[in-house]
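One structure below.
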Amino acid sequence: MDKIPSFTIDHTRLKRGIYVSRKDEVGGEVVTTFDIRMKEPNREPAVHIGALHTIEHLAATYLRNDAEWKDRIVYWGPMGCLTGNYLLLRGDYESKDIVKLMQDTFRFVADFEGEVPGAAPADCGNYLLHDLPMAKYEARKYLTEVLMNMQEDNLIYPSKK
C-alpha cells in the first residue's frame with residue numbers, strides 16, 4: 001500500500017505550528033486540511049487526552065460560532081497521536097491565512113470560564129474525559145510560544161532529508 005500523505009512528513013523535524021496538510025476537491029470546491037500542531041512529535045510529551053478533548057469541544061464551538069469563518073468550517077478534531085488537531089475549511093487557503101483565526105481560537109480556549117460546552121452525558125460520548133485547567137494551560141502555551149511568534153518554519157512542513 002502507498003503511504004498516506006501525512007505519514008510522509010518528517011516528524012523528527014516537525015515544529016509546532018500551522019501547516020497545510022492537504023487540499024482536496026469535494027463537490028467542485030477545494031477543502032483545505034490544516035495540521036494545527038501543538039507539540040513537537042516524539043520530542044515532547046503529547047497533550048493529555050482530557051485536555052485535548054476539552055480543546056476539541058471549546059475550539060469547535062468557537063469556530064462554528066465565529067461570524068467570519070463559521071460557514072467555512074467543515075471539521076475540527078484531535079489527531080490520534082495527541083500532538084495537535086486537524087481543521088478542515090471549505091476553500092483554498094495557505095497556513096498564513098488562518099493565523100489570526102487560530103490566535104483567536106486558542107485565546108478563547110485559554111481564557112474560557114464556565115461549563116465546557118457539550119460536556120454532559122446526553123451531549124458527549126465520553127463526557128467525563130475533560131480537563132479544563134490543562135486545556136487552558138496547553139492553549140495558552142501554544143498561543144504565547146507559537147501562534148504569537150509565527151515564523152516561516154512554523155507554517156511550511158519540513159522537507160525530508
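Scheme for the C-alpha cells: letters A, B, ... for chains in order shown; per-chain residue numbers from 1; ligand numbers from 1 in order shown.
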Counting only C-alpha atoms, which residues in segment 33-110 of chain A sit no more than 12 Å from segment 120-131 of chain A? For each one, give the nearest pair of atoms and the distance in Å, sorted by chain then residue number, as a tab-separated table.
```
residue	atom	partner	partner_atom	distance
A:Val47	CA	A:Asp131	CA	11.0
A:His48	CA	A:Asp131	CA	8.6
A:Ile49	CA	A:Leu129	CA	7.6
A:Gly50	CA	A:His130	CA	4.4
A:Ala51	CA	A:Asp131	CA	4.8
A:Leu52	CA	A:His130	CA	8.1
A:His53	CA	A:His130	CA	6.0
A:Thr54	CA	A:His130	CA	5.3
A:Ile55	CA	A:Asp131	CA	8.9
A:Glu56	CA	A:His130	CA	10.0
A:His57	CA	A:His130	CA	9.3
A:Leu58	CA	A:His130	CA	10.9
A:Val109	CA	A:Asp131	CA	11.9
```
Selected residues, N, CA and C atoms, written as a JSON list (two decimals), in the first residue's frame, please.
```json
[["chain", "number", "residue", "atom", "x", "y", "z"],
["A", 47, "VAL", "N", -0.25, 16.05, 24.23],
["A", 47, "VAL", "CA", -1.30, 16.71, 25.02],
["A", 47, "VAL", "C", -2.11, 15.62, 25.71],
["A", 48, "HIS", "N", -2.34, 15.77, 27.00],
["A", 48, "HIS", "CA", -3.14, 14.79, 27.74],
["A", 48, "HIS", "C", -4.53, 14.70, 27.08],
["A", 49, "ILE", "N", -5.04, 13.49, 26.98],
["A", 49, "ILE", "CA", -6.29, 13.25, 26.25],
["A", 49, "ILE", "C", -7.47, 14.05, 26.82],
["A", 50, "GLY", "N", -7.54, 14.22, 28.13],
["A", 50, "GLY", "CA", -8.62, 15.01, 28.72],
["A", 50, "GLY", "C", -8.54, 16.47, 28.31],
["A", 51, "ALA", "N", -7.32, 17.01, 28.27],
["A", 51, "ALA", "CA", -7.12, 18.39, 27.83],
["A", 51, "ALA", "C", -7.46, 18.53, 26.36],
["A", 52, "LEU", "N", -7.00, 17.58, 25.54],
["A", 52, "LEU", "CA", -7.26, 17.65, 24.10],
["A", 52, "LEU", "C", -8.74, 17.52, 23.79],
["A", 53, "HIS", "N", -9.44, 16.69, 24.55],
["A", 53, "HIS", "CA", -10.89, 16.54, 24.39],
["A", 53, "HIS", "C", -11.59, 17.86, 24.70],
["A", 54, "THR", "N", -11.17, 18.53, 25.75],
["A", 54, "THR", "CA", -11.76, 19.82, 26.11],
["A", 54, "THR", "C", -11.42, 20.87, 25.06],
["A", 55, "ILE", "N", -10.19, 20.88, 24.58],
["A", 55, "ILE", "CA", -9.82, 21.81, 23.50],
["A", 55, "ILE", "C", -10.70, 21.55, 22.28],
["A", 56, "GLU", "N", -10.95, 20.29, 21.98],
["A", 56, "GLU", "CA", -11.84, 19.95, 20.85],
["A", 56, "GLU", "C", -13.21, 20.60, 21.03],
["A", 57, "HIS", "N", -13.81, 20.41, 22.19],
["A", 57, "HIS", "CA", -15.15, 20.97, 22.43],
["A", 57, "HIS", "C", -15.15, 22.49, 22.34],
["A", 58, "LEU", "N", -14.17, 23.12, 22.98],
["A", 58, "LEU", "CA", -14.15, 24.59, 23.01],
["A", 58, "LEU", "C", -13.80, 25.19, 21.65],
["A", 109, "VAL", "N", -9.98, 29.51, 24.12],
["A", 109, "VAL", "CA", -9.80, 28.33, 24.98],
["A", 109, "VAL", "C", -9.03, 28.70, 26.24]]
```
Segment 87-97 of chain A: which residues within 10 Å, counting only C-alpha atoms, same-chain residues fewer than 5 positions away excluded, as a compact mmCIF listing (two decimals) with N, CA and C atoms, in the first residue's frame?
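New file selection_13.txt:
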```txt
# COMPACT_ATOMS: atom_id res chain seq x y z
N GLY A 17 3.19 24.44 14.99
CA GLY A 17 2.79 25.46 14.03
C GLY A 17 1.46 25.16 13.38
N ILE A 18 1.27 25.77 12.21
CA ILE A 18 0.07 25.60 11.39
C ILE A 18 0.56 25.19 10.00
N TYR A 19 0.11 24.04 9.52
CA TYR A 19 0.58 23.53 8.24
C TYR A 19 -0.60 23.12 7.37
N VAL A 20 -0.47 23.34 6.05
CA VAL A 20 -1.44 22.78 5.13
C VAL A 20 -1.08 21.31 4.96
N SER A 21 -1.97 20.45 5.39
CA SER A 21 -1.74 19.01 5.31
C SER A 21 -2.11 18.49 3.93
N ARG A 22 -3.22 18.99 3.39
CA ARG A 22 -3.67 18.55 2.07
C ARG A 22 -4.78 19.45 1.57
N LYS A 23 -5.02 19.37 0.28
CA LYS A 23 -6.15 20.06 -0.35
C LYS A 23 -6.86 19.04 -1.21
N ASP A 24 -8.18 18.99 -1.06
CA ASP A 24 -8.99 18.04 -1.80
C ASP A 24 -10.11 18.79 -2.51
N GLU A 25 -10.53 18.27 -3.65
CA GLU A 25 -11.70 18.83 -4.31
C GLU A 25 -12.90 17.98 -3.91
N VAL A 26 -13.91 18.65 -3.39
CA VAL A 26 -15.13 17.98 -2.96
C VAL A 26 -16.31 18.76 -3.53
N GLU A 29 -15.54 22.14 -5.02
CA GLU A 29 -14.89 23.13 -4.16
C GLU A 29 -13.65 22.52 -3.52
N VAL A 30 -12.69 23.38 -3.21
CA VAL A 30 -11.49 22.94 -2.51
C VAL A 30 -11.77 22.89 -1.01
N VAL A 31 -11.33 21.83 -0.36
CA VAL A 31 -11.34 21.72 1.09
C VAL A 31 -9.88 21.63 1.53
N THR A 32 -9.47 22.59 2.36
CA THR A 32 -8.10 22.62 2.86
C THR A 32 -8.06 22.00 4.25
N THR A 33 -7.18 21.02 4.42
CA THR A 33 -6.97 20.39 5.73
C THR A 33 -5.70 20.98 6.34
N PHE A 34 -5.85 21.51 7.55
CA PHE A 34 -4.72 22.07 8.28
C PHE A 34 -4.30 21.16 9.42
N ASP A 35 -3.01 21.08 9.62
CA ASP A 35 -2.38 20.41 10.74
C ASP A 35 -2.09 21.51 11.75
N ILE A 36 -2.81 21.53 12.85
CA ILE A 36 -2.62 22.51 13.92
C ILE A 36 -1.77 21.81 14.97
N ALA A 59 -12.79 24.64 20.98
CA ALA A 59 -12.40 25.18 19.68
C ALA A 59 -13.50 24.97 18.65
N ALA A 60 -14.10 23.78 18.62
CA ALA A 60 -15.17 23.53 17.66
C ALA A 60 -16.35 24.47 17.90
N LEU A 63 -15.21 28.04 16.72
CA LEU A 63 -15.10 28.13 15.27
C LEU A 63 -16.46 28.11 14.58
N TRP A 69 -15.95 33.07 9.92
CA TRP A 69 -15.49 31.77 9.43
C TRP A 69 -16.51 30.64 9.53
N LYS A 70 -17.57 30.79 10.30
CA LYS A 70 -18.44 29.65 10.62
C LYS A 70 -18.99 28.90 9.40
N ASP A 71 -19.23 29.60 8.30
CA ASP A 71 -19.77 28.93 7.12
C ASP A 71 -18.71 28.18 6.33
N ARG A 72 -17.45 28.31 6.71
CA ARG A 72 -16.36 27.62 6.02
C ARG A 72 -15.78 26.48 6.87
N ILE A 73 -16.22 26.35 8.11
CA ILE A 73 -15.71 25.29 8.99
C ILE A 73 -16.37 23.96 8.59
N VAL A 74 -15.53 22.99 8.25
CA VAL A 74 -16.03 21.65 7.95
C VAL A 74 -15.84 20.74 9.16
N TYR A 75 -14.67 20.84 9.79
CA TYR A 75 -14.36 19.91 10.90
C TYR A 75 -13.21 20.45 11.72
N TRP A 76 -13.27 20.19 13.02
CA TRP A 76 -12.16 20.41 13.95
C TRP A 76 -12.10 19.18 14.84
N GLY A 77 -10.93 18.56 14.95
CA GLY A 77 -10.82 17.41 15.82
C GLY A 77 -9.38 17.03 16.09
N PRO A 78 -9.16 16.24 17.14
CA PRO A 78 -7.82 15.88 17.59
C PRO A 78 -7.14 14.85 16.70
N MET A 102 -6.57 31.18 14.35
CA MET A 102 -6.05 30.27 15.38
C MET A 102 -5.66 31.03 16.64
N MET A 150 4.86 33.48 15.07
CA MET A 150 4.96 32.62 13.88
C MET A 150 6.15 32.98 13.02
N GLN A 151 6.85 31.93 12.58
CA GLN A 151 7.97 32.05 11.66
C GLN A 151 7.67 31.16 10.45
N GLU A 152 8.44 31.32 9.40
CA GLU A 152 8.26 30.53 8.19
C GLU A 152 8.27 29.02 8.48
N ASN A 154 7.26 27.52 10.98
CA ASN A 154 6.06 27.11 11.70
C ASN A 154 4.85 27.07 10.76
N LEU A 155 5.09 27.36 9.48
CA LEU A 155 4.00 27.46 8.50
C LEU A 155 4.16 26.52 7.31
N ILE A 156 5.34 25.97 7.11
CA ILE A 156 5.61 25.10 5.97
C ILE A 156 6.26 23.83 6.48
```
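With only C-alpha atoms as the atoms that count, the residue of A:Pro117, A:Met148, A:Glu40, A:Asp111 with the shortest distance to Pro133 of chain A is A:Asp111.
Distance-wise, atom CA of Thr83 of chain A and atom CA of Glu44 of chain A end up 9.1 Å apart.
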Distance of atom CA of Arg37 of chain A from atom CA of Ser159 of chain A, expressed in Å to one decimal place = 16.3 Å
query = Please, which residues of chain A, numbered as in this document, come out helix (DSSP H, G or I) from DSSP, as a VMD selection string?
reply = chain A and resid 5 to 8 49 to 63 70 to 72 95 to 111 132 to 145 147 to 149 152 to 154
request  = Going by DSSP on the backbone, which bits of segment 26-160 of chain A are strand (DSSP E or B)? Write them as a VMD selection string, please.
outcome  = chain A and resid 26 29 to 37 73 to 78 84 to 91
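The coordinates place atom CA of Ile4 of chain A at 28.4 Å from atom CA of Phe106 of chain A.
The shortest atom-to-atom distance to Leu132 of chain A, with only C-alpha atoms taken into account, belongs to A:Glu113 out of A:Tyr62, A:Glu113, A:Leu147, A:Tyr157.
Among the candidates A:Val116, A:Ile9, A:Met38, A:Leu143, the residue lying nearest to Asp104 of chain A is A:Leu143 (atoms considered: only C-alpha atoms).
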ask   = So, counting only C-alpha atoms, which residue among A:Arg16, A:Lys3, A:Lys100, A:His11 is closest to Tyr142 of chain A?
value = A:Arg16
